[in-house]
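Only one structure is covered here, and it is reproduced in the block below.
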Amino acid sequence: MIPPAFEYHAPRSVGEALQLLSSLGTDAKLLAGGHSLLPMMKLRFAQPAHLIDLNRIDALRGISEQGGQVVIGAMTVETDLLNSELLKARVPLLPEAVQYIADPQVRNRGTIGGDIAHGDPGNDHPALSLALEATFTLQGPSGERQVAADDFYLGTYYTALADDEILTRITVPAFAPKTGYAYEKLKRKTGDWATAGAAVVMRLDAQGAVSHIRIALTNVAPTAIRAQDAEAALMGRPVSDATVEAAALAAAAVCDPAEDLRGDREYKTAMAAAMVRRAIRRAAERCA
């Protein structure tokens, strides 16, 4: 289908984009990579009268390190995350996980900010952001505010981003030495959304017990979620068959997946547990 008519705007600064958002109100939508919004427009699920294209705002791109924090511009495309030597050295989970997002054509245009702001439970960056303890900078008419990933996702396509705000950057703590990490994603074919996915970031103390653990799940609830009971099953304990199984079962208990062509609730929940088992074991191997 062809989307209905709309007026196109291409601001060259965040200030100009915010001014357009304020003046056009709810009739306007922000355009990043377009891989989420444009299909919805073609299906007439979204019918904005105005599109504000952020692609000409250079200030929204780039990857840098500032005081032990890695800062990523919201309009940075997936391919740049994949190829970033800084990310490979400081937050290696991100470039590794990007390999499993869509395909090269999509990664060349799709942006990390668009993936995060869309609020789709099937997108990969929401769970990754939760596991990485990311903070999002949102800019609106009254200035900037910081929102932790833990507080950002409120429901399906529903986030803490206000209608008159723009997600400008993502800030992630650089990994401490001997941090283990993994993103395990089950999908039907290359480029598909996850049937179920699990992101894990962890560290072990000198005795081999878990001293830090974050577990987040993709596409098994109305939004990306942290499996906090699964984290508690591992915290302060060694990684063993028993603790891994306890964590997997605890993760399964918080799943609330929607049934679709990828499987029914029981199958998706079982696959979430399987991805958690794999991700914990892989992350633990990397803690050495």
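Ligands are numbered from 1 in the order shown, chains are lettered A, B, ... in the order of the structure tokens, and residues start at 1 in each chain.
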- Extract, using only C-alpha atoms, all DNA, RNA and protein residues at most 9 Å from Glu96 in chain A, discarding same-chain residues fewer than 3 positions from it, and format them as JSON, numbers by chain. {"A": [82, 88, 92, 93, 99, 100, 182, 183]}
- Message: Using only C-alpha atoms, which protein or nucleic acid residues come within 12 Å of Pro177 in chain A? Drop anything in the same chain fewer than 4 positions from it, and give the result as JSON, numbers by chain.
- Response: {"A": [89, 90, 91, 92, 181, 202, 203, 204, 205, 286, 287, 288]}
So that I have them on file, write out the residues from the current selection with N, CA and C atoms, as a compact mmCIF listing (two decimals), in the first residue's frame.
```txt
# COMPACT_ATOMS: atom_id res chain seq x y z
N ALA A 89 36.04 -2.57 22.19
CA ALA A 89 36.96 -2.57 23.34
C ALA A 89 36.25 -2.29 24.66
N ARG A 90 35.21 -1.45 24.64
CA ARG A 90 34.63 -0.96 25.89
C ARG A 90 33.23 -1.50 26.21
N VAL A 91 32.43 -1.79 25.18
CA VAL A 91 31.10 -2.36 25.38
C VAL A 91 30.87 -3.41 24.30
N PRO A 92 31.62 -4.50 24.33
CA PRO A 92 31.61 -5.44 23.20
C PRO A 92 30.28 -6.15 22.97
N TYR A 181 29.54 -11.34 28.93
CA TYR A 181 28.37 -10.81 28.23
C TYR A 181 27.93 -11.80 27.15
N MET A 202 27.51 -9.89 33.19
CA MET A 202 27.80 -10.40 34.53
C MET A 202 29.27 -10.31 34.87
N ARG A 203 29.56 -10.35 36.16
CA ARG A 203 30.93 -10.45 36.66
C ARG A 203 30.96 -11.44 37.82
N LEU A 204 32.13 -12.04 38.03
CA LEU A 204 32.34 -12.98 39.13
C LEU A 204 33.37 -12.42 40.10
N ASP A 205 33.23 -12.74 41.38
CA ASP A 205 34.24 -12.31 42.34
C ASP A 205 35.40 -13.31 42.36
N ARG A 286 33.21 -15.88 29.64
CA ARG A 286 33.96 -14.68 29.28
C ARG A 286 34.43 -13.88 30.50
N CYS A 287 34.06 -14.31 31.68
CA CYS A 287 34.45 -13.58 32.90
C CYS A 287 35.90 -13.86 33.30
N ALA A 288 36.53 -14.85 32.69
CA ALA A 288 37.90 -15.21 33.09
C ALA A 288 38.88 -14.11 32.69
```
Can you write out as a Markdown table which residues of range 81-167 of chain A fall within 9 Å of range 41-63 of chain A, alongside each residue's closest atom pair and its distance in Å to one decimal, counting only C-alpha atoms and ordering rows by chain and ascending residue number?
```
| residue | atom | partner | partner_atom | distance |
| --- | --- | --- | --- | --- |
| A:Leu81 | CA | A:Ile63 | CA | 8.2 |
| A:Ser84 | CA | A:Ile63 | CA | 7.9 |
| A:Leu86 | CA | A:Ile63 | CA | 7.7 |
| A:Leu87 | CA | A:Ile63 | CA | 8.1 |
```
Can I get the selection written as a PDB file, in the first residue's frame, with N, CA and C atoms?
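Ended up saving to part-v3.pdb:
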```pdb
ATOM      1  N   LEU A  81      27.774   0.888  14.713  1.00  0.00           N
ATOM      2  CA  LEU A  81      27.939   0.163  15.974  1.00  0.00           C
ATOM      3  C   LEU A  81      28.729  -1.121  15.732  1.00  0.00           C
ATOM      4  N   SER A  84      32.523  -0.291  15.173  1.00  0.00           N
ATOM      5  CA  SER A  84      33.192   0.615  16.099  1.00  0.00           C
ATOM      6  C   SER A  84      34.266  -0.101  16.920  1.00  0.00           C
ATOM      7  N   LEU A  86      35.905   1.325  19.307  1.00  0.00           N
ATOM      8  CA  LEU A  86      35.680   1.752  20.684  1.00  0.00           C
ATOM      9  C   LEU A  86      34.675   0.826  21.373  1.00  0.00           C
ATOM     10  N   LEU A  87      33.576   0.530  20.702  1.00  0.00           N
ATOM     11  CA  LEU A  87      32.589  -0.364  21.294  1.00  0.00           C
ATOM     12  C   LEU A  87      33.145  -1.772  21.472  1.00  0.00           C
TER      13      LEU A  87
END
```
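The protein and nucleic acid residues lying at most 6 Å from range 157-167 of chain A are A:Leu21, A:Ser22, A:His118, A:Gly119, A:Asp120, A:Thr137, A:Leu138, A:Gln139, A:Gly140, A:Phe152, A:Tyr153, A:Leu154, A:Gly155, with only C-alpha atoms considered and sequence neighbours fewer than 2 positions away removed.
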Those same residues, written as an mmCIF file, in the first residue's frame with N, CA and C atoms?
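Contents of the output file part-v1.cif:
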```
data_model
loop_
_atom_site.group_PDB
_atom_site.id
_atom_site.type_symbol
_atom_site.label_atom_id
_atom_site.label_comp_id
_atom_site.auth_asym_id
_atom_site.auth_seq_id
_atom_site.Cartn_x
_atom_site.Cartn_y
_atom_site.Cartn_z
ATOM 1 N N LEU A 21 8.483 20.115 16.070
ATOM 2 C CA LEU A 21 7.642 19.240 16.903
ATOM 3 C C LEU A 21 6.639 20.048 17.719
ATOM 4 N N SER A 22 7.102 21.136 18.302
ATOM 5 C CA SER A 22 6.238 21.961 19.138
ATOM 6 C C SER A 22 5.132 22.616 18.326
ATOM 7 N N HIS A 118 11.069 3.387 19.423
ATOM 8 C CA HIS A 118 9.845 2.826 18.864
ATOM 9 C C HIS A 118 9.063 2.030 19.900
ATOM 10 N N GLY A 119 9.759 1.424 20.855
ATOM 11 C CA GLY A 119 9.074 0.691 21.917
ATOM 12 C C GLY A 119 8.504 -0.644 21.497
ATOM 13 N N ASP A 120 9.020 -1.222 20.435
ATOM 14 C CA ASP A 120 8.558 -2.526 19.961
ATOM 15 C C ASP A 120 9.228 -3.620 20.787
ATOM 16 N N THR A 137 19.189 10.205 26.970
ATOM 17 C CA THR A 137 19.020 11.652 27.078
ATOM 18 C C THR A 137 17.879 12.072 26.165
ATOM 19 N N LEU A 138 16.850 12.670 26.762
ATOM 20 C CA LEU A 138 15.675 13.141 26.031
ATOM 21 C C LEU A 138 15.677 14.661 26.065
ATOM 22 N N GLN A 139 15.535 15.278 24.908
ATOM 23 C CA GLN A 139 15.565 16.741 24.826
ATOM 24 C C GLN A 139 14.227 17.259 24.340
ATOM 25 N N GLY A 140 13.709 18.234 25.072
ATOM 26 C CA GLY A 140 12.427 18.837 24.725
ATOM 27 C C GLY A 140 12.480 20.343 24.859
ATOM 28 N N PHE A 152 12.220 3.431 31.125
ATOM 29 C CA PHE A 152 11.830 3.986 29.825
ATOM 30 C C PHE A 152 10.697 3.210 29.156
ATOM 31 N N TYR A 153 10.717 1.892 29.265
ATOM 32 C CA TYR A 153 9.762 1.059 28.532
ATOM 33 C C TYR A 153 8.519 0.806 29.379
ATOM 34 N N LEU A 154 7.390 1.324 28.909
ATOM 35 C CA LEU A 154 6.163 1.295 29.693
ATOM 36 C C LEU A 154 5.128 0.322 29.140
ATOM 37 N N GLY A 155 5.251 -0.068 27.894
ATOM 38 C CA GLY A 155 4.309 -0.973 27.266
ATOM 39 C C GLY A 155 4.612 -1.087 25.786
#
```
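If only C-alpha atoms are the atoms counted, then among A:Leu31, A:Ala194, A:Ala224, A:Leu186 the closest residue to Ala274 in chain A is A:Leu186.
Minimum atom-to-atom distances from A:Thr26, A:Thr269, A:Gln207, A:Ser129 to Pro173 in chain A were compared using only C-alpha atoms, and the lowest value belongs to A:Ser129.
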- DSSP on the backbone, then: every residue of range 104-246 of chain A marked strand (DSSP E), written as JSON, numbers by chain. {"A": [135, 136, 137, 138, 139, 140, 143, 144, 145, 146, 147, 148, 153, 154, 155, 158, 159, 166, 167, 168, 169, 170, 171, 172, 173, 180, 181, 182, 183, 184, 185, 186, 196, 197, 198, 199, 200, 201, 202, 203, 204, 210, 211, 212, 213, 214, 215, 216, 217, 218, 225, 226]}
- Residue neighbourhood Met75 in chain A, 7 Å, only C-alpha atoms, exclusion window fewer than 2 positions, as JSON, numbers by chain: {"A": [32, 60, 61, 73, 77, 111, 112, 113]}
- Query: Which value, in Å to one decimal, gives the distance between CA of Ala284 in chain A and CA of Gly180 in chain A?
  - Reply: 5.7 Å
- Item | Sel. of helix (DSSP H, G or I) residues, range 87-229 of chain A, as an MDAnalysis selection string | chainID A and resid 87:90 93:98 104:109 112:118 125:131 149:152 228:229
Export of the given selection (N, CA and C atoms) as a short mmCIF file (atom, residue, chain, number, x, y, z; two decimals), in the first residue's frame:
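Now in selection.cif:
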```cif
data_model
loop_
_atom_site.label_atom_id
_atom_site.label_comp_id
_atom_site.auth_asym_id
_atom_site.auth_seq_id
_atom_site.Cartn_x
_atom_site.Cartn_y
_atom_site.Cartn_z
N LEU A 87 33.58 0.53 20.70
CA LEU A 87 32.59 -0.36 21.29
C LEU A 87 33.14 -1.77 21.47
N LYS A 88 33.90 -2.25 20.52
CA LYS A 88 34.49 -3.58 20.64
C LYS A 88 35.40 -3.68 21.86
N ALA A 89 36.04 -2.57 22.19
CA ALA A 89 36.96 -2.57 23.34
C ALA A 89 36.25 -2.29 24.66
N ARG A 90 35.21 -1.45 24.64
CA ARG A 90 34.63 -0.96 25.89
C ARG A 90 33.23 -1.50 26.21
N LEU A 93 29.39 -6.16 23.95
CA LEU A 93 28.09 -6.78 23.72
C LEU A 93 27.35 -6.11 22.57
N LEU A 94 27.46 -4.80 22.44
CA LEU A 94 26.69 -4.09 21.42
C LEU A 94 27.08 -4.49 20.00
N PRO A 95 28.34 -4.36 19.60
CA PRO A 95 28.67 -4.75 18.22
C PRO A 95 28.43 -6.23 17.95
N GLU A 96 28.61 -7.07 18.96
CA GLU A 96 28.34 -8.49 18.74
C GLU A 96 26.85 -8.73 18.49
N ALA A 97 25.99 -8.10 19.28
CA ALA A 97 24.55 -8.30 19.12
C ALA A 97 24.03 -7.74 17.81
N VAL A 98 24.62 -6.64 17.35
CA VAL A 98 24.16 -6.01 16.11
C VAL A 98 24.26 -6.95 14.92
N PRO A 104 22.30 -6.57 6.28
CA PRO A 104 23.16 -5.41 6.00
C PRO A 104 22.42 -4.20 5.46
N GLN A 105 21.43 -4.40 4.61
CA GLN A 105 20.69 -3.26 4.06
C GLN A 105 20.00 -2.48 5.17
N VAL A 106 19.35 -3.19 6.06
CA VAL A 106 18.67 -2.54 7.17
C VAL A 106 19.68 -1.90 8.12
N ARG A 107 20.77 -2.58 8.40
CA ARG A 107 21.77 -2.04 9.34
C ARG A 107 22.43 -0.77 8.80
N ASN A 108 22.48 -0.62 7.49
CA ASN A 108 23.08 0.58 6.90
C ASN A 108 22.21 1.82 7.08
N ARG A 109 20.91 1.63 7.35
CA ARG A 109 20.00 2.75 7.50
C ARG A 109 19.38 2.83 8.90
N ILE A 112 20.17 3.20 16.13
CA ILE A 112 19.98 2.71 17.49
C ILE A 112 18.86 3.48 18.19
N GLY A 113 18.79 4.79 17.95
CA GLY A 113 17.75 5.58 18.61
C GLY A 113 16.36 5.25 18.12
N GLY A 114 16.22 5.00 16.82
CA GLY A 114 14.92 4.63 16.29
C GLY A 114 14.45 3.31 16.85
N ASP A 115 15.37 2.36 16.97
CA ASP A 115 15.05 1.04 17.53
C ASP A 115 14.59 1.17 18.97
N ILE A 116 15.28 2.00 19.74
CA ILE A 116 14.95 2.18 21.16
C ILE A 116 13.64 2.94 21.34
N ALA A 117 13.47 4.04 20.62
CA ALA A 117 12.33 4.93 20.84
C ALA A 117 11.02 4.34 20.35
N HIS A 118 11.07 3.39 19.42
CA HIS A 118 9.85 2.83 18.86
C HIS A 118 9.06 2.03 19.90
N HIS A 125 17.43 -3.66 20.68
CA HIS A 125 18.13 -2.70 21.54
C HIS A 125 17.46 -2.44 22.89
N PRO A 126 16.13 -2.54 23.01
CA PRO A 126 15.56 -2.35 24.34
C PRO A 126 16.13 -3.31 25.39
N ALA A 127 16.14 -4.60 25.11
CA ALA A 127 16.70 -5.56 26.09
C ALA A 127 18.19 -5.34 26.28
N LEU A 128 18.90 -5.05 25.20
CA LEU A 128 20.33 -4.77 25.32
C LEU A 128 20.56 -3.57 26.22
N SER A 129 19.75 -2.54 26.06
CA SER A 129 19.89 -1.34 26.89
C SER A 129 19.65 -1.63 28.36
N LEU A 130 18.67 -2.49 28.64
CA LEU A 130 18.40 -2.87 30.02
C LEU A 130 19.59 -3.63 30.62
N ALA A 131 20.14 -4.56 29.86
CA ALA A 131 21.28 -5.34 30.36
C ALA A 131 22.51 -4.46 30.55
N ALA A 149 17.16 3.21 31.26
CA ALA A 149 16.45 2.22 30.46
C ALA A 149 15.42 1.47 31.30
N ASP A 150 15.74 1.23 32.57
CA ASP A 150 14.80 0.53 33.47
C ASP A 150 13.46 1.25 33.58
N ASP A 151 13.45 2.57 33.38
CA ASP A 151 12.24 3.36 33.55
C ASP A 151 11.63 3.82 32.23
N PHE A 152 12.22 3.43 31.13
CA PHE A 152 11.83 3.99 29.83
C PHE A 152 10.70 3.21 29.16
N GLN A 228 14.46 -9.93 36.95
CA GLN A 228 15.12 -9.64 38.22
C GLN A 228 15.16 -10.84 39.16
N ASP A 229 14.12 -11.67 39.13
CA ASP A 229 14.16 -12.88 39.95
C ASP A 229 15.22 -13.85 39.44
#
```
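Going from CA of Val254 in chain A to CA of Val210 in chain A covers 21.5 Å.
Going from CA of Thr243 in chain A to CA of Val201 in chain A covers 15.9 Å.
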- Item | Phe136 in chain A surroundings by only C-alpha atoms, 7 Å radius, close-in-sequence under 3 positions cut, as an MDAnalysis selection string | chainID A and resid 146:149 167 169:171
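Summary of the local environment: counting only C-alpha atoms, residues at most 7 Å from Ile215 in chain A, other than itself and those fewer than 6 positions away along its chain, are Ala131, Ala198, Ala199, Val200, Val201, Arg226, Ala227 and Glu231 of chain A.
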How about saving the chosen residues, N, CA and C atoms kept, as a PDB file, in the first residue's frame?
```pdb
ATOM      1  N   ALA A 131      20.141  -4.556  29.859  1.00  0.00           N
ATOM      2  CA  ALA A 131      21.276  -5.337  30.357  1.00  0.00           C
ATOM      3  C   ALA A 131      22.506  -4.464  30.549  1.00  0.00           C
ATOM      4  N   ALA A 198      17.684 -13.257  24.910  1.00  0.00           N
ATOM      5  CA  ALA A 198      18.146 -12.955  26.264  1.00  0.00           C
ATOM      6  C   ALA A 198      19.499 -12.275  26.207  1.00  0.00           C
ATOM      7  N   ALA A 199      19.611 -11.142  26.884  1.00  0.00           N
ATOM      8  CA  ALA A 199      20.878 -10.415  27.018  1.00  0.00           C
ATOM      9  C   ALA A 199      21.358 -10.546  28.457  1.00  0.00           C
ATOM     10  N   VAL A 200      22.642 -10.881  28.630  1.00  0.00           N
ATOM     11  CA  VAL A 200      23.223 -11.060  29.962  1.00  0.00           C
ATOM     12  C   VAL A 200      24.535 -10.296  30.055  1.00  0.00           C
ATOM     13  N   VAL A 201      24.711  -9.578  31.148  1.00  0.00           N
ATOM     14  CA  VAL A 201      25.990  -8.951  31.502  1.00  0.00           C
ATOM     15  C   VAL A 201      26.292  -9.362  32.936  1.00  0.00           C
ATOM     16  N   ARG A 226      13.431  -6.790  32.327  1.00  0.00           N
ATOM     17  CA  ARG A 226      14.493  -7.396  33.119  1.00  0.00           C
ATOM     18  C   ARG A 226      13.941  -8.575  33.891  1.00  0.00           C
ATOM     19  N   ALA A 227      14.699  -9.643  33.924  1.00  0.00           N
ATOM     20  CA  ALA A 227      14.310 -10.826  34.700  1.00  0.00           C
ATOM     21  C   ALA A 227      15.003 -10.734  36.060  1.00  0.00           C
ATOM     22  N   GLU A 231      18.011 -12.853  38.058  1.00  0.00           N
ATOM     23  CA  GLU A 231      19.260 -12.266  38.552  1.00  0.00           C
ATOM     24  C   GLU A 231      19.494 -12.658  40.008  1.00  0.00           C
TER      25      GLU A 231
END
```
